[in-house]
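Chemist: Have a look at this one.
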Amino acid sequence: LRKENESVFIKLGFLPFKEKAKSGKEIEILLDKVCRNSASGILNIIVDYSCMPKIWISTILDYISRNELHQERINVFFTYTPKQFLPDVKKIVEFTGPIVESKDIIQNDGNLTLIVGLDNHYESVNKLANDINPRRIFAFIPEPAFDEEYSKSVLKKNKPLLEKIGDKNIIKYPAGNPEEINSKLTSLCLELRLNSRIIIVPLGPKTFALTSLLLSLRYPDIKLWDITSKIYNYNPKGGK
């Protein structure tokens, strides 16, 4: 459907740019053109991150926060449209590791805390936990989610992990309320980072992912890892 979708956006006046799913280089070049060529004192940027890989979102946040630009103010608005939940989607894990390798590498000194936003693919999270052997695991569950069936699926598929870590380490959050997500996630991380190294794996609804990326921007010692998967029974009329 890519060509069909691109033609719709081109007719609406959008300019298409190509970028690899595992890179943010072209996005940074585009942002540089937009920000440095704008003569306006106030620049408004709208980012629809509904289908963006996390590395793209991270690149945008990093560029805006890291560079000294001539604008008096840059407003960045993030928009998100939830996808239809398809319970029978099958995935193969392609990559597990730092979202941005240059800043999210972490030393495994036996004092790691893993905070994971759960989705309905238990095997990948379980494998990561076994690989890094964290001292503690906290799980964030979307409830309510954008789809009630999605919440039920997350609880069902992750039952072994949830029973293992116990109720005290399970935090439920409303997927459609970024402010509450931020409050719960920040409160937990500020307490834990005093005595341990933190890795957040922001799976599940993208609102949790964006909140995690913004938190890591404020506290660079909090590292972000991702688990990327390839869908092998993709239905173009459905979604995640």
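For the structure tokens, the naming scheme is as follows: chains receive sequential letters (A, B, ...) according to their order of presentation, residues are indexed from 1 within each chain, and ligands are indexed from 1 in presentation order.
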How close does each residue of segment 122-228 of chain A get to segment 41-63 of chain A, giving the shortest atom pair and distance in Å to one decimal for every residue with an atom at most 9 Å away, counting only C-alpha atoms, sorted by chain and residue number, as a Markdown table?

Modeler:
```
| residue | atom | partner | partner_atom | distance |
| --- | --- | --- | --- | --- |
| A:Lys206 | CA | A:Ser50 | CA | 7.1 |
| A:Ala209 | CA | A:Lys54 | CA | 7.4 |
| A:Leu210 | CA | A:Ile57 | CA | 7.6 |
| A:Leu213 | CA | A:Ser58 | CA | 6.5 |
| A:Leu214 | CA | A:Leu61 | CA | 7.6 |
| A:Leu217 | CA | A:Asp62 | CA | 7.5 |
| A:Asp226 | CA | A:Lys54 | CA | 8.0 |
| A:Thr228 | CA | A:Pro53 | CA | 8.9 |
```

Chemist: What does the file look like for those residues with N, CA, C and O atoms, as a PDB file, in the first residue's frame?

Modeler:
```
ATOM      1  N   LYS A 206       2.239   3.455  21.537  1.00  0.00           N
ATOM      2  CA  LYS A 206       3.298   4.433  21.276  1.00  0.00           C
ATOM      3  C   LYS A 206       3.291   5.588  22.273  1.00  0.00           C
ATOM      4  O   LYS A 206       4.303   6.274  22.427  1.00  0.00           O
ATOM      5  N   ALA A 209       5.836   4.777  24.658  1.00  0.00           N
ATOM      6  CA  ALA A 209       7.160   4.926  24.046  1.00  0.00           C
ATOM      7  C   ALA A 209       7.607   6.382  24.036  1.00  0.00           C
ATOM      8  O   ALA A 209       8.742   6.701  24.397  1.00  0.00           O
ATOM      9  N   LEU A 210       6.725   7.285  23.618  1.00  0.00           N
ATOM     10  CA  LEU A 210       7.080   8.702  23.570  1.00  0.00           C
ATOM     11  C   LEU A 210       7.404   9.226  24.962  1.00  0.00           C
ATOM     12  O   LEU A 210       8.378   9.965  25.158  1.00  0.00           O
ATOM     13  N   LEU A 213      10.854   8.093  25.938  1.00  0.00           N
ATOM     14  CA  LEU A 213      11.891   8.840  25.223  1.00  0.00           C
ATOM     15  C   LEU A 213      12.091  10.226  25.828  1.00  0.00           C
ATOM     16  O   LEU A 213      13.222  10.697  25.978  1.00  0.00           O
ATOM     17  N   LEU A 214      11.003  10.890  26.189  1.00  0.00           N
ATOM     18  CA  LEU A 214      11.097  12.209  26.813  1.00  0.00           C
ATOM     19  C   LEU A 214      11.755  12.117  28.188  1.00  0.00           C
ATOM     20  O   LEU A 214      12.544  12.986  28.578  1.00  0.00           O
ATOM     21  N   LEU A 217      15.427  11.743  27.844  1.00  0.00           N
ATOM     22  CA  LEU A 217      16.019  13.015  27.436  1.00  0.00           C
ATOM     23  C   LEU A 217      16.348  13.869  28.656  1.00  0.00           C
ATOM     24  O   LEU A 217      17.387  14.533  28.717  1.00  0.00           O
ATOM     25  N   ASP A 226      15.103  -1.463  22.716  1.00  0.00           N
ATOM     26  CA  ASP A 226      13.939  -1.784  21.904  1.00  0.00           C
ATOM     27  C   ASP A 226      13.998  -3.245  21.481  1.00  0.00           C
ATOM     28  O   ASP A 226      15.071  -3.859  21.447  1.00  0.00           O
ATOM     29  N   THR A 228      12.614  -5.041  18.161  1.00  0.00           N
ATOM     30  CA  THR A 228      11.935  -4.854  16.883  1.00  0.00           C
ATOM     31  C   THR A 228      11.646  -6.208  16.264  1.00  0.00           C
ATOM     32  O   THR A 228      12.443  -7.140  16.353  1.00  0.00           O
TER      33      THR A 228
END
```

Chemist: Quick one: residues within 6 Å of segment 116-130 of chain A, only C-alpha atoms counted, chain neighbours fewer than 6 positions away excluded, as a ChimeraX atom specification?

Modeler: /A:139-141,153-154,157-158,200-204

Chemist: As an exercise, work out the distance from atom CA of Asn177 of chain A to atom CA of Phe138 of chain A in Å and give it to one decimal place.

Modeler: 19.7 Å

Chemist: Separation of atom CA of Tyr150 of chain A and atom CA of Tyr173 of chain A, in Å?

Modeler: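 Atom CA of Tyr173 of chain A lies at a distance of 13.4 Å from atom CA of Tyr150 of chain A.
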
Chemist: Using only C-alpha atoms, can you tell me which of A:Asn111, A:Glu179, A:Ile227, A:Arg136 comes closest to Ser196 of chain A?

Modeler: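 The shortest atom-to-atom distance to Ser196 of chain A comes from A:Asn111.
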
Chemist: For a test of reading the model, state the distance in Å between atom CA of Pro82 of chain A and atom CA of Glu101 of chain A, rounded to one decimal.

Modeler: 27.9 Å

Chemist: Quick one: everything within 12 Å of segment 70-73 of chain A, counting only C-alpha atoms, minus sequence neighbours fewer than 3 positions away in the same chain. Send it as a list in words.

Modeler: Asp32, Val34, Cys35, Arg36, Asn37, Ser38, Ala39, Ser40, Gly41, Ile42, Leu43, Asn44, Ile45, Ile64, Ser65, Asn67 and Val76 of chain A

Chemist: Per DSSP on the backbone, what are the strand (DSSP E or B) residues of segment 150-179 of chain A, as number ranges by chain?

Modeler: A: 170-173

Chemist: Give the alpha helix (DSSP H) residues of segment 5-191 of chain A, as DSSP finds them on the backbone, and put them as number ranges by chain.

Modeler: A: 5-11, 25-37, 54-66, 101-104, 122-132, 148-157, 159-165, 178-191

Chemist: So, with only C-alpha atoms as the atoms that count, which of A:Leu112, A:Ile99, A:Ile165, A:Ile170 lies closest to Leu194 of chain A?

Modeler: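 Nearest to Leu194 of chain A: A:Leu112.
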
Chemist: Which residue is closest to Asp104 of chain A? Choose from A:Pro87, A:Lys230, A:Asp221, A:Phe17 and count only C-alpha atoms.

Modeler: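 Closest to Asp104 of chain A of all the choices is A:Asp221.
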